[in-house]
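Have a look at the structure below, then the notes.
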Amino acid sequence: KHLVSSTFIDERGVTTPSGFNPYSEYKSWIEDDGHSNMELPGAVLFPSAPYDVYAAVHFARAHGLKISVKTSGHSYSGSGTRRNTLHLNMRKYRKYTNVVPCNDTIPDSPGSDLNDLPCYLAHKRKDSRCRELPQDCGEQEWKPGYLVIGGGQNWAEAYGAVHEYNEGKPEHEKYHAVGGNTATVSPNGWGLQGGLSGTSLGRRFGYGVDQPLMYELMLATGELVRFGPTDTEHVPER
């Protein structure tokens with residue numbers, strides 16, 4: 001900044017009243033360890049595979065450290081960057097975003113293979129909805145399938161994958177993603193916080209929390225687990 005006639009003028013030509021020095025305010029909170037703007041992790045890791053997360057969790061447990069996790073950082077409470085934590089930034093984590101179409105026949109049971117469970121649930125969701133709303137569930141309207149999304153990915157990547165899959169396919173083979181309005185938001189955090197989907201037919205297909213079929217999660221014990229519902233049914237409005 002340049003001091004001209006006792007007035008600060010920045011590079012945009014914006015003036016600051018005489019007698020006010022913004023640097024003194026910045027200096028005060030930079031030197032104050034207790035200031036809210038200094039709520040930053042002690043170390044940052046960029047895991048790229050489940051084992052990296054496993055190693056980080058075990059290291060944190062062994063050394064009595066708390067962990068913070070962040071993909072896009074859309075947290076009003078700032079939980080993704082807690083002070084003095086071992087911070088896992090998920091943006092370099094393994095990428096997926098692949099569309100998986102399901103066979104046309106619904107299986108009798110989910111079976112023992114967890115890889116078959118998402119398609120089973122997708123079919124059950126279609127089946128229960130069609131019993132309740134037959135006019136909304138023709139073959140042209142609902143083809144079971146699912147999208148695999150990595151823990152560090154955002155809606156731009158998810159929507160891009162669906163768009164790429166749909167390219168050149170007839171209308172009855174295309175998929176529609178129920179998701180958020182902002183491309184930089186993580187689908188996982190979006191869904192776990194409810195998932196408003198007003199711009200992607202949420203009133204027709206439900207909130208984001210209604211969409212997941214399976215999660216892969218690293219527990220605080222260092223165990224990698226997969227979990228999700230084993231059945232689903234449509235609950236009619238009262």
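Naming works like this for the structure tokens: A, B, ... for the chains as they're shown, residue 1 at the start of each chain, ligands 1 onward in shown order.
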Item to check | strand (DSSP E) call set, DSSP backbone run, stretch 21-207 of chain A, as number ranges by chain | outcome: A: 43-45, 67-70, 86-89, 98-101, 145-148
Checklist entry - Residues of stretch 33-206 of chain A in alpha helix (DSSP H) according to DSSP, as a ChimeraX atom specification? => result /A:50-62,117-132,155-166,187-192,202-205
Checklist entry - Suppose you want the space between atom CA of A:Asp210 and atom CA of A:His172; what is it in Å? => result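 Calculated distance between atom CA of A:Asp210 and atom CA of A:His172 is 22.9 Å.
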Residues of stretch 170-221 of chain A within 8 Å of stretch 44-59 of chain A: nearest atom pair and distance (Å, one decimal) for each, counting only C-alpha atoms, sorted by chain and number, as CSV?
residue,atom,partner,partner_atom,distance
A:Met218,CA,A:Tyr54,CA,7.1
A:Ala220,CA,A:Val57,CA,6.6
A:Thr221,CA,A:Val57,CA,7.5
Checklist entry - How far is it from atom CA of A:Leu40 to atom CA of A:Arg83, in Å with one decimal? => result 4.5 Å
Checklist entry - When you draw a straight line from atom CA of A:His87 to atom CA of A:Pro41, how long is it in Å? => result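 So the answer is 5.9 Å.
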Checklist entry - From the list A:Lys66, A:Lys143, A:Arg82, A:Lys169, which residue is nearest A:Asn103 when using only C-alpha atoms? => result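 For A:Asn103, the nearest of the candidates is A:Lys143.
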Checklist entry - Could you pull the residues within 12 Å of A:Gly152, counting only C-alpha atoms, minus those fewer than 3 positions along the same chain, as a ChimeraX atom specification? => result /A:46-50,69-73,88-97,148-149,155-158,184-189
Next on the checklist: Report as a list of chain:residue names all protein, DNA and RNA residues lying within 10 Å of A:Tyr159, evaluated on only C-alpha atoms, omitting residues in the same chain fewer than 2 positions from it.
Outcome noted: A:Thr97, A:Leu147, A:Asn154, A:Trp155, A:Ala156, A:Glu157, A:Ala161, A:Val162, A:His163, A:Glu164, A:Tyr165, A:His176, A:Ala177, A:Val178, A:Gly179, A:Gly180, A:Ala183
Write a file of the selected residues as a PDB file, in the first residue's frame, keeping N, CA, C and O atoms.
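So the final result, stored in part13.pdb, reads:
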ATOM      1  N   THR A  97     -15.647 -42.690  -9.724  1.00  0.00           N
ATOM      2  CA  THR A  97     -16.687 -42.094 -10.581  1.00  0.00           C
ATOM      3  C   THR A  97     -16.957 -42.931 -11.835  1.00  0.00           C
ATOM      4  O   THR A  97     -16.890 -42.446 -12.951  1.00  0.00           O
ATOM      5  N   LEU A 147     -23.545 -45.352  -9.089  1.00  0.00           N
ATOM      6  CA  LEU A 147     -22.321 -44.616  -9.367  1.00  0.00           C
ATOM      7  C   LEU A 147     -21.360 -44.796  -8.200  1.00  0.00           C
ATOM      8  O   LEU A 147     -21.737 -44.602  -7.041  1.00  0.00           O
ATOM      9  N   ASN A 154     -15.636 -34.710  -6.003  1.00  0.00           N
ATOM     10  CA  ASN A 154     -16.694 -33.709  -5.867  1.00  0.00           C
ATOM     11  C   ASN A 154     -17.772 -33.931  -6.923  1.00  0.00           C
ATOM     12  O   ASN A 154     -17.674 -34.829  -7.763  1.00  0.00           O
ATOM     13  N   TRP A 155     -18.781 -33.072  -6.880  1.00  0.00           N
ATOM     14  CA  TRP A 155     -19.900 -33.260  -7.802  1.00  0.00           C
ATOM     15  C   TRP A 155     -19.518 -33.005  -9.252  1.00  0.00           C
ATOM     16  O   TRP A 155     -20.121 -33.571 -10.170  1.00  0.00           O
ATOM     17  N   ALA A 156     -18.533 -32.158  -9.496  1.00  0.00           N
ATOM     18  CA  ALA A 156     -18.096 -31.936 -10.875  1.00  0.00           C
ATOM     19  C   ALA A 156     -17.631 -33.248 -11.497  1.00  0.00           C
ATOM     20  O   ALA A 156     -17.955 -33.564 -12.656  1.00  0.00           O
ATOM     21  N   GLU A 157     -16.881 -34.042 -10.733  1.00  0.00           N
ATOM     22  CA  GLU A 157     -16.390 -35.328 -11.233  1.00  0.00           C
ATOM     23  C   GLU A 157     -17.525 -36.345 -11.348  1.00  0.00           C
ATOM     24  O   GLU A 157     -17.570 -37.143 -12.293  1.00  0.00           O
ATOM     25  N   ALA A 161     -18.897 -37.964 -14.873  1.00  0.00           N
ATOM     26  CA  ALA A 161     -18.892 -39.403 -15.155  1.00  0.00           C
ATOM     27  C   ALA A 161     -20.236 -39.856 -15.718  1.00  0.00           C
ATOM     28  O   ALA A 161     -20.295 -40.663 -16.657  1.00  0.00           O
ATOM     29  N   VAL A 162     -21.323 -39.344 -15.141  1.00  0.00           N
ATOM     30  CA  VAL A 162     -22.651 -39.709 -15.635  1.00  0.00           C
ATOM     31  C   VAL A 162     -22.859 -39.169 -17.050  1.00  0.00           C
ATOM     32  O   VAL A 162     -23.384 -39.866 -17.928  1.00  0.00           O
ATOM     33  N   HIS A 163     -22.415 -37.950 -17.279  1.00  0.00           N
ATOM     34  CA  HIS A 163     -22.547 -37.356 -18.619  1.00  0.00           C
ATOM     35  C   HIS A 163     -21.752 -38.169 -19.644  1.00  0.00           C
ATOM     36  O   HIS A 163     -22.248 -38.439 -20.752  1.00  0.00           O
ATOM     37  N   GLU A 164     -20.546 -38.573 -19.278  1.00  0.00           N
ATOM     38  CA  GLU A 164     -19.717 -39.354 -20.201  1.00  0.00           C
ATOM     39  C   GLU A 164     -20.361 -40.697 -20.503  1.00  0.00           C
ATOM     40  O   GLU A 164     -20.340 -41.173 -21.645  1.00  0.00           O
ATOM     41  N   TYR A 165     -20.940 -41.337 -19.483  1.00  0.00           N
ATOM     42  CA  TYR A 165     -21.598 -42.631 -19.690  1.00  0.00           C
ATOM     43  C   TYR A 165     -22.804 -42.489 -20.622  1.00  0.00           C
ATOM     44  O   TYR A 165     -23.054 -43.347 -21.470  1.00  0.00           O
ATOM     45  N   HIS A 176     -29.660 -40.556 -14.557  1.00  0.00           N
ATOM     46  CA  HIS A 176     -29.799 -39.221 -13.977  1.00  0.00           C
ATOM     47  C   HIS A 176     -29.230 -39.257 -12.565  1.00  0.00           C
ATOM     48  O   HIS A 176     -29.572 -40.143 -11.774  1.00  0.00           O
ATOM     49  N   ALA A 177     -28.359 -38.319 -12.238  1.00  0.00           N
ATOM     50  CA  ALA A 177     -27.751 -38.269 -10.907  1.00  0.00           C
ATOM     51  C   ALA A 177     -28.495 -37.282 -10.023  1.00  0.00           C
ATOM     52  O   ALA A 177     -28.725 -36.135 -10.410  1.00  0.00           O
ATOM     53  N   VAL A 178     -28.912 -37.750  -8.847  1.00  0.00           N
ATOM     54  CA  VAL A 178     -29.530 -36.869  -7.853  1.00  0.00           C
ATOM     55  C   VAL A 178     -28.406 -36.319  -6.989  1.00  0.00           C
ATOM     56  O   VAL A 178     -27.747 -37.064  -6.266  1.00  0.00           O
ATOM     57  N   GLY A 179     -28.167 -35.014  -7.084  1.00  0.00           N
ATOM     58  CA  GLY A 179     -27.019 -34.459  -6.371  1.00  0.00           C
ATOM     59  C   GLY A 179     -27.173 -32.996  -6.038  1.00  0.00           C
ATOM     60  O   GLY A 179     -28.258 -32.421  -6.140  1.00  0.00           O
ATOM     61  N   GLY A 180     -26.068 -32.399  -5.636  1.00  0.00           N
ATOM     62  CA  GLY A 180     -26.060 -31.015  -5.209  1.00  0.00           C
ATOM     63  C   GLY A 180     -25.907 -30.041  -6.371  1.00  0.00           C
ATOM     64  O   GLY A 180     -25.644 -30.427  -7.505  1.00  0.00           O
ATOM     65  N   ALA A 183     -20.597 -27.605  -7.807  1.00  0.00           N
ATOM     66  CA  ALA A 183     -19.663 -28.603  -8.345  1.00  0.00           C
ATOM     67  C   ALA A 183     -18.525 -28.937  -7.395  1.00  0.00           C
ATOM     68  O   ALA A 183     -17.979 -30.039  -7.436  1.00  0.00           O
TER      69      ALA A 183
END
